[in-house]
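Source file: input-v5.cif; contents: mmCIF, C-alpha atoms, pLDDT in the B column; chains and numbers go by the auth columns.
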data_protein
loop_
_atom_site.group_PDB
_atom_site.id
_atom_site.type_symbol
_atom_site.label_atom_id
_atom_site.label_comp_id
_atom_site.label_asym_id
_atom_site.label_seq_id
_atom_site.Cartn_x
_atom_site.Cartn_y
_atom_site.Cartn_z
_atom_site.B_iso_or_equiv
_atom_site.auth_seq_id
_atom_site.auth_asym_id
ATOM 1 C CA MET A 1 7.531 -24.519 105.746 51.00 203 R
ATOM 2 C CA LYS A 2 6.364 -23.510 102.270 49.00 204 R
ATOM 3 C CA THR A 3 2.748 -23.901 103.357 45.00 205 R
ATOM 4 C CA LYS A 4 3.344 -21.622 106.376 43.00 206 R
ATOM 5 C CA ILE A 5 4.819 -18.895 104.177 38.00 207 R
ATOM 6 C CA LEU A 6 1.950 -19.144 101.702 32.00 208 R
ATOM 7 C CA LEU A 7 -0.562 -19.019 104.552 31.00 209 R
ATOM 8 C CA ILE A 8 1.099 -15.918 106.038 38.00 210 R
ATOM 9 C CA LEU A 9 1.200 -14.205 102.616 32.00 211 R
ATOM 10 C CA GLY A 10 -2.448 -15.091 102.043 35.00 212 R
ATOM 11 C CA ILE A 11 -3.455 -13.599 105.406 37.00 213 R
ATOM 12 C CA MET A 12 -1.454 -10.438 104.709 36.00 214 R
ATOM 13 C CA MET A 13 -3.096 -10.013 101.302 36.00 215 R
ATOM 14 C CA LEU A 14 -6.528 -10.528 102.874 32.00 216 R
ATOM 15 C CA ILE A 15 -5.814 -7.889 105.505 36.00 217 R
ATOM 16 C CA ILE A 16 -4.648 -5.408 102.860 35.00 218 R
ATOM 17 C CA ALA A 17 -7.682 -6.125 100.670 35.00 219 R
ATOM 18 C CA CYS A 18 -10.115 -5.697 103.589 35.00 220 R
ATOM 19 C CA LYS A 19 -8.497 -2.454 104.642 38.00 221 R
ATOM 20 C CA GLY A 20 -9.621 -0.833 101.397 38.00 222 R
ATOM 21 C CA PRO A 21 -8.383 2.431 99.936 38.00 223 R
ATOM 22 C CA THR A 22 -7.105 5.004 102.370 39.00 224 R
ATOM 23 C CA ALA A 23 -8.816 8.376 102.561 46.00 225 R
ATOM 24 C CA GLU A 24 -7.024 11.290 100.945 56.00 226 R
ATOM 25 C CA ASN A 25 -5.527 13.719 103.450 73.00 227 R
ATOM 26 C CA THR A 26 -7.463 16.951 103.216 84.00 228 R
ATOM 27 C CA SER A 27 -5.613 18.879 105.925 92.00 229 R
ATOM 28 C CA CYS A 28 -3.350 21.683 104.850 96.00 230 R
ATOM 29 C CA ASP A 29 -0.540 23.228 106.848 95.00 231 R
ATOM 30 C CA SER A 30 -0.558 26.563 105.025 97.00 232 R
ATOM 31 C CA LYS A 31 -2.986 28.951 103.412 97.00 233 R
ATOM 32 C CA ASP A 32 -1.195 28.444 100.091 97.00 234 R
ATOM 33 C CA CYS A 33 -1.919 24.716 100.240 97.00 235 R
ATOM 34 C CA PHE A 34 -5.555 25.421 101.099 98.00 236 R
ATOM 35 C CA ILE A 35 -5.999 27.981 98.305 98.00 237 R
ATOM 36 C CA THR A 36 -4.442 25.641 95.730 97.00 238 R
ATOM 37 C CA ARG A 37 -6.647 22.705 96.740 98.00 239 R
ATOM 38 C CA ALA A 38 -9.775 24.870 96.958 98.00 240 R
ATOM 39 C CA ASN A 39 -9.076 26.403 93.553 98.00 241 R
ATOM 40 C CA ASN A 40 -8.991 22.873 92.115 97.00 242 R
ATOM 41 C CA CYS A 41 -12.236 21.993 93.970 97.00 243 R
ATOM 42 C CA GLN A 42 -10.354 19.432 96.032 97.00 244 R
ATOM 43 C CA ASP A 43 -11.365 18.829 99.627 97.00 245 R
ATOM 44 C CA ALA A 44 -9.274 20.952 101.975 97.00 246 R
ATOM 45 C CA ASN A 45 -9.285 21.975 105.607 97.00 247 R
ATOM 46 C CA ILE A 46 -7.103 24.217 107.768 97.00 248 R
ATOM 47 C CA ILE A 47 -7.422 25.886 111.154 97.00 249 R
ATOM 48 C CA VAL A 48 -5.586 29.210 111.326 97.00 250 R
ATOM 49 C CA ASN A 49 -4.788 31.501 114.238 95.00 251 R
ATOM 50 C CA GLU A 50 -5.455 34.932 112.737 94.00 252 R
ATOM 51 C CA THR A 51 -4.800 38.256 114.495 93.00 253 R
ATOM 52 C CA PHE A 52 -8.522 38.561 115.304 92.00 254 R
ATOM 53 C CA GLY A 53 -9.032 34.919 116.379 95.00 255 R
ATOM 54 C CA THR A 54 -9.071 31.291 115.264 97.00 256 R
ATOM 55 C CA VAL A 55 -10.780 30.304 112.012 97.00 257 R
ATOM 56 C CA ASN A 56 -11.557 26.970 110.396 98.00 258 R
ATOM 57 C CA TYR A 57 -11.428 27.150 106.601 98.00 259 R
ATOM 58 C CA ALA A 58 -12.884 24.222 104.659 98.00 260 R
ATOM 59 C CA SER A 59 -13.586 23.494 101.020 98.00 261 R
ATOM 60 C CA LYS A 60 -15.498 20.579 99.522 97.00 262 R
ATOM 61 C CA ASP A 61 -16.845 20.210 95.982 97.00 263 R
ATOM 62 C CA CYS A 62 -16.340 23.927 95.163 98.00 264 R
ATOM 63 C CA VAL A 63 -18.084 25.126 98.336 98.00 265 R
ATOM 64 C CA PHE A 64 -15.990 27.189 100.738 98.00 266 R
ATOM 65 C CA THR A 65 -16.873 27.388 104.442 98.00 267 R
ATOM 66 C CA LYS A 66 -15.423 29.773 107.024 98.00 268 R
ATOM 67 C CA THR A 67 -16.190 29.191 110.703 98.00 269 R
ATOM 68 C CA LEU A 68 -15.016 31.609 113.365 97.00 270 R
ATOM 69 C CA LEU A 69 -13.982 29.318 116.215 97.00 271 R
ATOM 70 C CA SER A 70 -12.821 32.003 118.661 96.00 272 R
ATOM 71 C CA MET A 71 -12.181 35.741 118.736 94.00 273 R
ATOM 72 C CA ASN A 72 -9.675 37.952 120.519 93.00 274 R
ATOM 73 C CA ASP A 73 -12.182 40.633 121.495 93.00 275 R
ATOM 74 C CA THR A 74 -14.723 41.661 124.113 93.00 276 R
ATOM 75 C CA GLU A 75 -17.269 39.151 125.379 95.00 277 R
ATOM 76 C CA GLU A 76 -20.033 41.006 123.522 93.00 278 R
ATOM 77 C CA ILE A 77 -18.205 40.698 120.183 92.00 279 R
ATOM 78 C CA ARG A 78 -17.292 37.060 120.880 94.00 280 R
ATOM 79 C CA LYS A 79 -20.971 36.226 121.475 95.00 281 R
ATOM 80 C CA LEU A 80 -21.870 37.815 118.131 93.00 282 R
ATOM 81 C CA PHE A 81 -19.242 36.026 116.027 95.00 283 R
ATOM 82 C CA GLU A 82 -17.894 32.855 117.660 97.00 284 R
ATOM 83 C CA GLY A 83 -19.229 29.656 116.165 97.00 285 R
ATOM 84 C CA LYS A 84 -20.777 31.466 113.193 97.00 286 R
ATOM 85 C CA THR A 85 -20.262 30.173 109.661 98.00 287 R
ATOM 86 C CA LEU A 86 -20.514 31.427 106.103 98.00 288 R
ATOM 87 C CA SER A 87 -20.502 29.375 102.899 98.00 289 R
ATOM 88 C CA CYS A 88 -19.717 30.346 99.319 97.00 290 R
ATOM 89 C CA LYS A 89 -20.098 28.411 96.089 97.00 291 R
ATOM 90 C CA TYR A 90 -17.481 29.038 93.415 97.00 292 R
ATOM 91 C CA GLU A 91 -16.346 27.657 90.088 97.00 293 R
ATOM 92 C CA GLN A 92 -13.224 25.568 89.641 98.00 294 R
ATOM 93 C CA SER A 93 -10.140 27.740 89.037 98.00 295 R
ATOM 94 C CA LYS A 94 -12.027 30.811 90.314 97.00 296 R
ATOM 95 C CA PHE A 95 -11.523 30.553 94.072 97.00 297 R
ATOM 96 C CA ASP A 96 -11.215 34.019 95.646 97.00 298 R
ATOM 97 C CA SER A 97 -8.158 33.885 97.927 97.00 299 R
ATOM 98 C CA ARG A 98 -9.435 36.971 99.788 97.00 300 R
ATOM 99 C CA LEU A 99 -11.829 34.584 101.525 97.00 301 R
ATOM 100 C CA VAL A 100 -8.902 33.196 103.534 96.00 302 R
ATOM 101 C CA ASN A 101 -6.685 36.279 103.554 95.00 303 R
ATOM 102 C CA THR A 102 -9.241 38.749 104.961 92.00 304 R
ATOM 103 C CA LEU A 103 -12.281 38.635 107.198 89.00 305 R
ATOM 104 C CA VAL A 104 -14.638 40.724 105.067 91.00 306 R
ATOM 105 C CA PHE A 105 -13.514 40.763 101.433 94.00 307 R
ATOM 106 C CA GLY A 106 -14.826 38.227 98.941 95.00 308 R
ATOM 107 C CA ILE A 107 -18.006 37.419 100.898 96.00 309 R
ATOM 108 C CA GLU A 108 -20.378 39.244 98.537 94.00 310 R
ATOM 109 C CA TYR A 109 -21.728 35.986 97.094 93.00 311 R
ATOM 110 C CA CYS A 110 -21.677 34.016 100.341 97.00 312 R
ATOM 111 C CA GLU A 111 -24.456 33.223 102.768 98.00 313 R
ATOM 112 C CA GLY A 112 -24.733 32.358 106.412 98.00 314 R
ATOM 113 C CA GLU A 113 -24.890 33.838 109.860 97.00 315 R
ATOM 114 C CA LEU A 114 -21.233 34.910 109.871 97.00 316 R
ATOM 115 C CA LYS A 115 -21.745 36.915 106.676 97.00 317 R
ATOM 116 C CA ASP A 116 -24.883 38.524 108.132 96.00 318 R
ATOM 117 C CA ARG A 117 -23.005 39.535 111.290 95.00 319 R
ATOM 118 C CA ILE A 118 -20.077 40.955 109.303 94.00 320 R
ATOM 119 C CA VAL A 119 -22.425 42.989 107.067 95.00 321 R
ATOM 120 C CA ASP A 120 -24.282 44.305 110.135 93.00 322 R
ATOM 121 C CA MET A 121 -20.981 45.277 111.780 89.00 323 R
ATOM 122 C CA LEU A 122 -19.811 47.108 108.658 91.00 324 R
ATOM 123 C CA ALA A 123 -23.094 49.029 108.468 91.00 325 R
ATOM 124 C CA PHE A 124 -22.339 50.547 111.883 84.00 326 R
ATOM 125 C CA LEU A 125 -18.826 51.694 110.973 80.00 327 R
#

Turn the structure described in the file into structure tokens.
Amino acid sequence: MKTKILLILGIMMLIIACKGPTAENTSCDSKDCFITRANNCQDANIIVNETFGTVNYASKDCVFTKTLLSMNDTEEIRKLFEGKTLSCKYEQSKFDSRLVNTLVFGIEYCEGELKDRIVDMLAFL
């Protein structure tokens, strides 16, 4: 009986050891969570339904990425913006929350096709 218990405990410890460390959850359920994690240069990810469409916000190693997944607009506008991404490097404790609270503000130091399309759109206004 004692041998059976020791064998079972040994197998359980082996399973736990082989499983390794679990990955840290990087998903956020609010913009506040995302902004806090991004500001600390922690990995973070959130998909948000904004008034203009659906956006994926991600942050990894002090690099912010915004991807416009879908837009609530005409087909012509959707073709211009959907699936486009912009990326911005920032310093720890200096994350610009406007990047997740607005579509256009805070992108001055970013790059990518989404930024280019936004700048082009603003030039025509």

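Residue membership of the PyMOL selection byres ((chain R and resi 262) around 7) in the shown file amounts to R:Cys243, R:Gln244, R:Asp245, R:Ala246, R:Ala260, R:Ser261, R:Asp263, R:Cys264, R:Val265, R:Phe266.
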
Can you sort out the box for range 272-276 of chain R, edges along x, y and z, all listed atoms in, 5 Å on every side, with centre and edge lengths in Å to one decimal, as JSON?
{"center_x": -12.2, "center_y": 36.8, "center_z": 121.4, "size_x": 15.0, "size_y": 19.7, "size_z": 15.5}

Take CA of Lys286 in chain R and CA of Cys235 in chain R and report the distance between them in Å, one decimal. 23.9 Å

Selection in question (the file shown): the PyMOL selection byres ((chain R and resi 302-311) around 8). Which residues does it include, as a ChimeraX atom specification? /R:233,237,259,290-291,298-301,312-313,317,320

Residues selected by the PyMOL selection byres ((chain R and resi 231) around 12), written as JSON, numbers by chain: {"R": [227, 228, 229, 230, 232, 233, 234, 235, 236, 237, 239, 246, 247, 248, 249, 250, 251, 259]}

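Across the structure, CA of Glu315 in chain R and CA of Met273 in chain R are spaced 15.6 Å apart.
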
Select, from R:Val321, R:Asn241, R:Lys296, R:Ser289, the residue with the minimum atom-to-atom distance to Thr267 in chain R, counting only C-alpha atoms. R:Ser289

Closest of R:Tyr292, R:Asn258, R:Arg319, R:Leu270 to Ala240 in chain R, counting all atoms listed in the file, is R:Tyr292

How far is it from CA of Phe326 in chain R to CA of Leu282 in chain R, in Å with one decimal? 14.2 Å

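In terms of minimum interatomic distance to Ser295 in chain R, R:Asn242 ranks closest within R:Lys268, R:Glu278, R:Asn242, R:Gly255, counting only C-alpha atoms.
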
Near Asp275 in chain R, counting all atoms listed in the file, which residues have an atom at most 12 Å away, once you skip same-chain residues fewer than 2 positions from it, shown as a count of residues only? 14
